[in-house]
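Single-structure report; data block below.
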Amino acid sequence: MTQGSQDKEIILLVDDTATNLVVMSKALKNAGFEIAVATDGESAISLVEYAPPDLILLDVMMPGIDGFETCARLKANPQSKDIPVIFMTALADTVDKVKGLSIGAVDYITKPFQEQEVLARVRLHLRLRSLTKRLEKQNARLQQEISDRKMAQEANTAKSVFLAKMSHELRTPLNAILGFTQLLNRDSSLNKEQIEYLDIIGRSGEHLLSLINDILEMAKIESGRVTLNENSFDLYRLLDSLEKMFQLKADSNGLQLIFDIDSNLPQYIATDEGKLRQVAINLLSNAIKFTDQGSVTFRVKGNGGLGMGHSALGIGNGEQGSSDAGDRGAGGQGDLETRRPIIKGDLKQGDPETGEPGDKGTRGYAQFPMPNAQFPMPNAESPIPNARLLFEVEDTGPGIAPEEMETLFEAFVQTEAGRRSQQGTGLGLPISRQFVELMGSELTVESIVGKGTIFKFEIEVSLAIGEEIKSSKEGSRRAIAMQPDQPKYRILIVEDKWENRQLLLKLLEPLGFEVREAKDGQKGIDAWKSWKPHLIWMDMRMPVMNGFEATKEIKSQPEGRDTVIIALTASAFEEDRTHVLSVGCDDFVTKPIKEEEIFATMAKYLGVRYIYEDQDALQETPLLPEEAPVAELTAEDLAAMPSEWLASLHWAAMQVDAKLVLGLIEEVPPSAPVAKALVDLVDNFRFDKIVDLTKNQMG
């Protein structure tokens with residue numbers, strides 16, 4: 001309804017016969033409509049301009065302009081063109097009906113009319129008009145949404161292009177900074193102060209890289225470009241690396257770091273290791289960063305550990321529930337062989353049996369499962385179903401105020417504690433939440449102001465077969481030369497930045513590789529044609545001819561198919577890496593490069609064999625120190641040791657004090673079998689065996 005009452009629709013009657021107006025007006029009013037009347041076409045047009053009705057009943061034969069002309073003028077006016085017009089006339093010829101409908105009328109009623117027929121047709125066309133208006137509004141909204149979405153896509157495309165360029169521009173100098181830091185670390189002539197400076201440069205560079213990665217990761221999340229990349233890995237190794245990563249930081253902050261690991265935890269699992277690791281790093285980093293005193297606890301529970309109750313924020317007080325003795329961490333006793341000291345230092349100890357916390361920085365205990373009967377190695381013959389893992393990070397920090405909870409997971413938003421610390425970007429939690437959701441779970445938080453905070457999430461993982469997981473130990477060792485009796489490998493570096501070419505040159509030449517350089521794709525093609533390298537390190541963004549074009553050109557040649565081309569890319573986007581492989585690259589390495597990844601990639605594609613820093617030149621697959629067999633310690637081995645030393649060792653083992661035990665072992669010549677055997681017992685948390693052996697010797 002356009003004018004008048006908000007409840008009634010308006011019908012305009014146009015007829016020069018007063019009787020018709022009276023009859024129709026009465027019928028329409030009784031049906032609940034409001035009525036406006038006009039006796040000729042000019043008056044009708046004026047009324048419509050002043051107060052547009054919802055529908056017009058229009059006579060054809062009238063003085064002045066007839067109904068056909070009146071209708072034509074109404075339809076020519078944008079303000080009245082959509083008002084339904086129904087002709088009411090004694091003209092029943094088909095020609096007249098066709099003329100009226102072609103002008104724009106929606107219906108044609110022949111006089112003498114039937115009242116019920118008129119009302120039915122009026123209601124029908126009003127209903128159609130209402131539906132048409134609704135459809136037009138919905139269509140307008142849809143068009144607006146399409147327009148908005150198109151603009152958003154264009155904005156995302158522009159942002160992606162910008163981020164891809166910024167990724168390259170930021171990572172390229174970082175590649176040189178971190179790369180040459182790695183090279184300088186190879187120099188054995190550096191003094192302690194110089195090594196310390198290099199460590200500072202390296203840490204600062206890695207911190208800058210992590211900030212860049214956070215911003216790029218958030219941009220990828222916003223544009224829907226993050227995917228789940230499932231892989232099989234050793235969960236024990238991941239947890240151990242997290243402990244080592246945060247132990248020093250916790251020590252320096254005077255905090256107790258507790259890793260409470262469930263005995264039901266599987267060793268080999270399959271999920272997105274990178275995202276799981278990043279979430280754990282973000283949560284642990286925040287917990288340590290914002291906790292001034294007390295402790296940070298990282299709990300991981302497997303199938304058998306889920307659903308075990310513990311009081312919220314009951315850190316270190318023994319309130320945690322447990323399904324068995326092996327489940328208890330800092331708040332319980334647990335088995336000696338599954339207990340492991342976390343914080344080292346000459347500080348007042350907490351009680352290892354009751355979990356009573358000591359001073360700031362005192363020792364905590366983790367429970368890393370040991371590969372024994374409780375933890376059978378999965379294999380193809382005895383498949384294990386999927387598992388659910390619960391992860392919790394709990395701290396005794398300042399807590400989060402209720403009013404800050406609503407914005408806790410928003411990008412670039414920090415809590416009051418975060419703003420006071422003047423650290424971070426406010427991206428860690430948003431990224432963590434997105435990663436957890438991608439793994440099919442939800443990141444939740446519980447917090448009490450002044451007492452602490454718990455972040456937790458539960459994910460489902462597949463059980464993996466241990467034999468399928470490649471050991472990463474060799475990749476972490478430093479290659480210092482190539483083993484003898486190998487080809488003289490020719491390596492071509494195609495990179496526009498001189499400093500990046502120099503980095504690879506200085507990395508590869510000392511090991512015995514023959515290396516040449518090219519500063520753009522075209523020169524790279526020329527060098528390939530004349531020199532025929534075994535492998536090409538190809539930067540993808542270069543002037544003159546980029547790496548994509550150069551790779552396609554080389555791989556299109558029959559002799560180029562055997563040339564290994566490894567892309568060097570600073571892109572943060574998965575589709576860019578997919579593009580890299582689609583043009584013919586055999587693999588890619590992201591900048592900033594890591595020397596172990598460079599050498600491992602060359603070993604993978606060329607079969608290069610290296611001599612490592614800790615390896616005898618004649619050994620191709622050396623036995624690592626931690627894998628060397630150690631003779632079992634016996635009471636007779638300790639018989640020659642001084643009684644005072646044995647008493648001290650016995651007491652230290654009773655206290656489960658690894659630092660004190662190791663300090664006593666240092667008094668024994670390192671080459672002695674007793675020293676090696678005792679170290680092995682400490683590494684395997686067999687303090688109980690040391691207690692038994694020393695007890696027997698003391699009589």
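Ligands are numbered from 1 in the order shown, chains are lettered A, B, ... in the order of the structure tokens, and residues start at 1 in each chain.
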
Taking 6 positions as the minimum chain separation for residues in the same chain, which residues sit within 10 Å of region 131-148 of chain A when counting only C-alpha atoms? Answer as an MDAnalysis selection string.
chainID A and resid 82 125 154

Within 10 Å of region 588-599 of chain A, counting only C-alpha atoms, which residues qualify if same-chain residues fewer than 2 places away don't, as a PyMOL selection string?
chain A and resi 167-168+170-179+182-183+205-206+209+474-479+500+503-504+507-508+537-539+565-572+577-578+580-581+585-586+601-604+608-610

Using DSSP on the backbone, list every residue of region 230-299 of chain A that comes out as strand (DSSP E), and give them as a ChimeraX atom specification.
/A:231-234,256-261,268-271,295-299

Just to be explicit: take each residue in the selection above, keep C-alpha atoms, and write the result as a short mmCIF file (atom, residue, chain, number, x, y, z; two decimals), in the first residue's frame.
```cif
data_model
loop_
_atom_site.label_atom_id
_atom_site.label_comp_id
_atom_site.auth_asym_id
_atom_site.auth_seq_id
_atom_site.Cartn_x
_atom_site.Cartn_y
_atom_site.Cartn_z
CA ASN A 231 51.36 -36.23 7.95
CA SER A 232 52.65 -39.03 10.19
CA PHE A 233 55.13 -38.11 12.93
CA ASP A 234 56.56 -39.05 16.30
CA GLN A 256 58.19 -24.00 37.01
CA LEU A 257 57.56 -25.70 33.67
CA ILE A 258 55.56 -28.93 34.02
CA PHE A 259 54.90 -31.36 31.17
CA ASP A 260 52.15 -33.71 32.38
CA ILE A 261 52.00 -36.42 29.72
CA TYR A 268 53.17 -42.29 16.30
CA ILE A 269 50.16 -40.32 15.05
CA ALA A 270 48.92 -38.70 11.86
CA THR A 271 47.51 -35.18 11.77
CA SER A 295 54.12 -22.41 36.98
CA VAL A 296 53.05 -23.26 33.46
CA THR A 297 51.65 -26.77 32.91
CA PHE A 298 51.31 -28.50 29.55
CA ARG A 299 49.02 -31.54 29.72
#
```

What's the 9 Å shell around region 521-526 of chain A, counting only C-alpha atoms, without same-chain residues fewer than 2 positions away, as a JSON list (two decimals) with N, CA, C and O atoms, in the first residue's frame?
```json
[["chain", "number", "residue", "atom", "x", "y", "z"],
["A", 492, "LEU", "N", 73.94, -25.31, -10.32],
["A", 492, "LEU", "CA", 73.72, -23.96, -10.87],
["A", 492, "LEU", "C", 72.77, -23.20, -9.95],
["A", 492, "LEU", "O", 71.70, -23.70, -9.59],
["A", 493, "ILE", "N", 73.16, -21.97, -9.58],
["A", 493, "ILE", "CA", 72.33, -21.10, -8.74],
["A", 493, "ILE", "C", 71.78, -19.98, -9.62],
["A", 493, "ILE", "O", 72.55, -19.18, -10.17],
["A", 494, "VAL", "N", 70.46, -19.94, -9.78],
["A", 494, "VAL", "CA", 69.82, -18.88, -10.57],
["A", 494, "VAL", "C", 69.04, -18.00, -9.61],
["A", 494, "VAL", "O", 67.99, -18.39, -9.10],
["A", 495, "GLU", "N", 69.56, -16.83, -9.34],
["A", 495, "GLU", "CA", 69.02, -15.95, -8.29],
["A", 495, "GLU", "C", 69.45, -14.52, -8.61],
["A", 495, "GLU", "O", 70.62, -14.27, -8.92],
["A", 496, "ASP", "N", 68.51, -13.56, -8.54],
["A", 496, "ASP", "CA", 68.85, -12.18, -8.91],
["A", 496, "ASP", "C", 69.56, -11.43, -7.79],
["A", 496, "ASP", "O", 70.23, -10.43, -8.06],
["A", 517, "GLU", "N", 76.86, -19.47, -11.19],
["A", 517, "GLU", "CA", 75.76, -18.56, -10.85],
["A", 517, "GLU", "C", 75.15, -17.96, -12.11],
["A", 517, "GLU", "O", 75.80, -17.86, -13.14],
["A", 518, "ALA", "N", 73.88, -17.55, -11.99],
["A", 518, "ALA", "CA", 73.20, -16.78, -13.03],
["A", 518, "ALA", "C", 72.23, -15.85, -12.33],
["A", 518, "ALA", "O", 71.57, -16.23, -11.37],
["A", 519, "LYS", "N", 72.13, -14.60, -12.81],
["A", 519, "LYS", "CA", 71.34, -13.60, -12.08],
["A", 519, "LYS", "C", 69.93, -13.39, -12.63],
["A", 519, "LYS", "O", 69.20, -12.53, -12.13],
["A", 528, "TRP", "N", 72.62, -23.41, -18.37],
["A", 528, "TRP", "CA", 72.19, -24.82, -18.44],
["A", 528, "TRP", "C", 72.57, -25.46, -19.77],
["A", 528, "TRP", "O", 73.05, -26.58, -19.82],
["A", 529, "LYS", "N", 72.37, -24.72, -20.86],
["A", 529, "LYS", "CA", 72.69, -25.25, -22.18],
["A", 529, "LYS", "C", 74.17, -25.54, -22.34],
["A", 529, "LYS", "O", 74.57, -26.55, -22.92],
["A", 530, "SER", "N", 75.01, -24.65, -21.82],
["A", 530, "SER", "CA", 76.46, -24.79, -22.04],
["A", 530, "SER", "C", 77.15, -25.67, -21.01],
["A", 530, "SER", "O", 78.20, -26.26, -21.28],
["A", 531, "TRP", "N", 76.55, -25.79, -19.81],
["A", 531, "TRP", "CA", 77.26, -26.45, -18.70],
["A", 531, "TRP", "C", 76.61, -27.75, -18.24],
["A", 531, "TRP", "O", 77.26, -28.60, -17.65],
["A", 536, "ILE", "N", 69.65, -27.49, -10.34],
["A", 536, "ILE", "CA", 69.53, -26.03, -10.40],
["A", 536, "ILE", "C", 68.72, -25.55, -9.21],
["A", 536, "ILE", "O", 67.61, -26.05, -8.96],
["A", 538, "MET", "N", 66.60, -22.64, -8.29],
["A", 538, "MET", "CA", 65.94, -21.63, -9.13],
["A", 538, "MET", "C", 65.07, -20.69, -8.30],
["A", 538, "MET", "O", 64.06, -21.10, -7.72],
["A", 539, "ASP", "N", 65.48, -19.41, -8.23],
["A", 539, "ASP", "CA", 64.61, -18.41, -7.63],
["A", 539, "ASP", "C", 63.43, -18.18, -8.57],
["A", 539, "ASP", "O", 63.59, -18.23, -9.79],
["A", 540, "MET", "N", 62.25, -17.93, -8.04],
["A", 540, "MET", "CA", 61.06, -17.83, -8.90],
["A", 540, "MET", "C", 60.72, -16.39, -9.28],
["A", 540, "MET", "O", 60.02, -16.17, -10.27],
["A", 542, "MET", "N", 62.33, -13.05, -10.55],
["A", 542, "MET", "CA", 63.55, -12.41, -11.06],
["A", 542, "MET", "C", 63.20, -11.49, -12.22],
["A", 542, "MET", "O", 62.18, -11.69, -12.89],
["A", 543, "PRO", "N", 64.03, -10.49, -12.49],
["A", 543, "PRO", "CA", 63.81, -9.64, -13.67],
["A", 543, "PRO", "C", 64.20, -10.38, -14.96],
["A", 543, "PRO", "O", 64.74, -11.48, -14.90],
["A", 544, "VAL", "N", 63.94, -9.76, -16.09],
["A", 544, "VAL", "CA", 64.25, -10.28, -17.43],
["A", 544, "VAL", "C", 63.40, -11.52, -17.72],
["A", 544, "VAL", "O", 62.52, -11.51, -18.56],
["A", 545, "MET", "N", 63.68, -12.63, -17.03],
["A", 545, "MET", "CA", 62.86, -13.84, -17.13],
["A", 545, "MET", "C", 62.77, -14.47, -15.75],
["A", 545, "MET", "O", 63.79, -14.71, -15.12],
["A", 546, "ASN", "N", 61.55, -14.71, -15.28],
["A", 546, "ASN", "CA", 61.41, -15.26, -13.94],
["A", 546, "ASN", "C", 61.66, -16.77, -13.93],
["A", 546, "ASN", "O", 61.83, -17.41, -14.97],
["A", 547, "GLY", "N", 61.63, -17.34, -12.71],
["A", 547, "GLY", "CA", 61.94, -18.76, -12.57],
["A", 547, "GLY", "C", 60.90, -19.68, -13.17],
["A", 547, "GLY", "O", 61.22, -20.79, -13.62],
["A", 548, "PHE", "N", 59.63, -19.24, -13.19],
["A", 548, "PHE", "CA", 58.58, -20.06, -13.79],
["A", 548, "PHE", "C", 58.85, -20.26, -15.29],
["A", 548, "PHE", "O", 58.78, -21.38, -15.80],
["A", 549, "GLU", "N", 59.13, -19.15, -15.97],
["A", 549, "GLU", "CA", 59.37, -19.23, -17.41],
["A", 549, "GLU", "C", 60.64, -20.01, -17.72],
["A", 549, "GLU", "O", 60.66, -20.83, -18.66],
["A", 550, "ALA", "N", 61.69, -19.77, -16.93],
["A", 550, "ALA", "CA", 62.96, -20.47, -17.17],
["A", 550, "ALA", "C", 62.80, -21.97, -16.95],
["A", 550, "ALA", "O", 63.33, -22.78, -17.72],
["A", 551, "THR", "N", 62.08, -22.36, -15.91],
["A", 551, "THR", "CA", 61.88, -23.78, -15.62],
["A", 551, "THR", "C", 61.09, -24.46, -16.74],
["A", 551, "THR", "O", 61.45, -25.56, -17.20],
["A", 553, "GLU", "N", 60.93, -23.58, -19.83],
["A", 553, "GLU", "CA", 61.78, -23.66, -21.02],
["A", 553, "GLU", "C", 62.75, -24.83, -20.91],
["A", 553, "GLU", "O", 62.93, -25.61, -21.86],
["A", 554, "ILE", "N", 63.39, -24.97, -19.75],
["A", 554, "ILE", "CA", 64.37, -26.06, -19.58],
["A", 554, "ILE", "C", 63.68, -27.42, -19.61],
["A", 554, "ILE", "O", 64.14, -28.35, -20.28]]
```
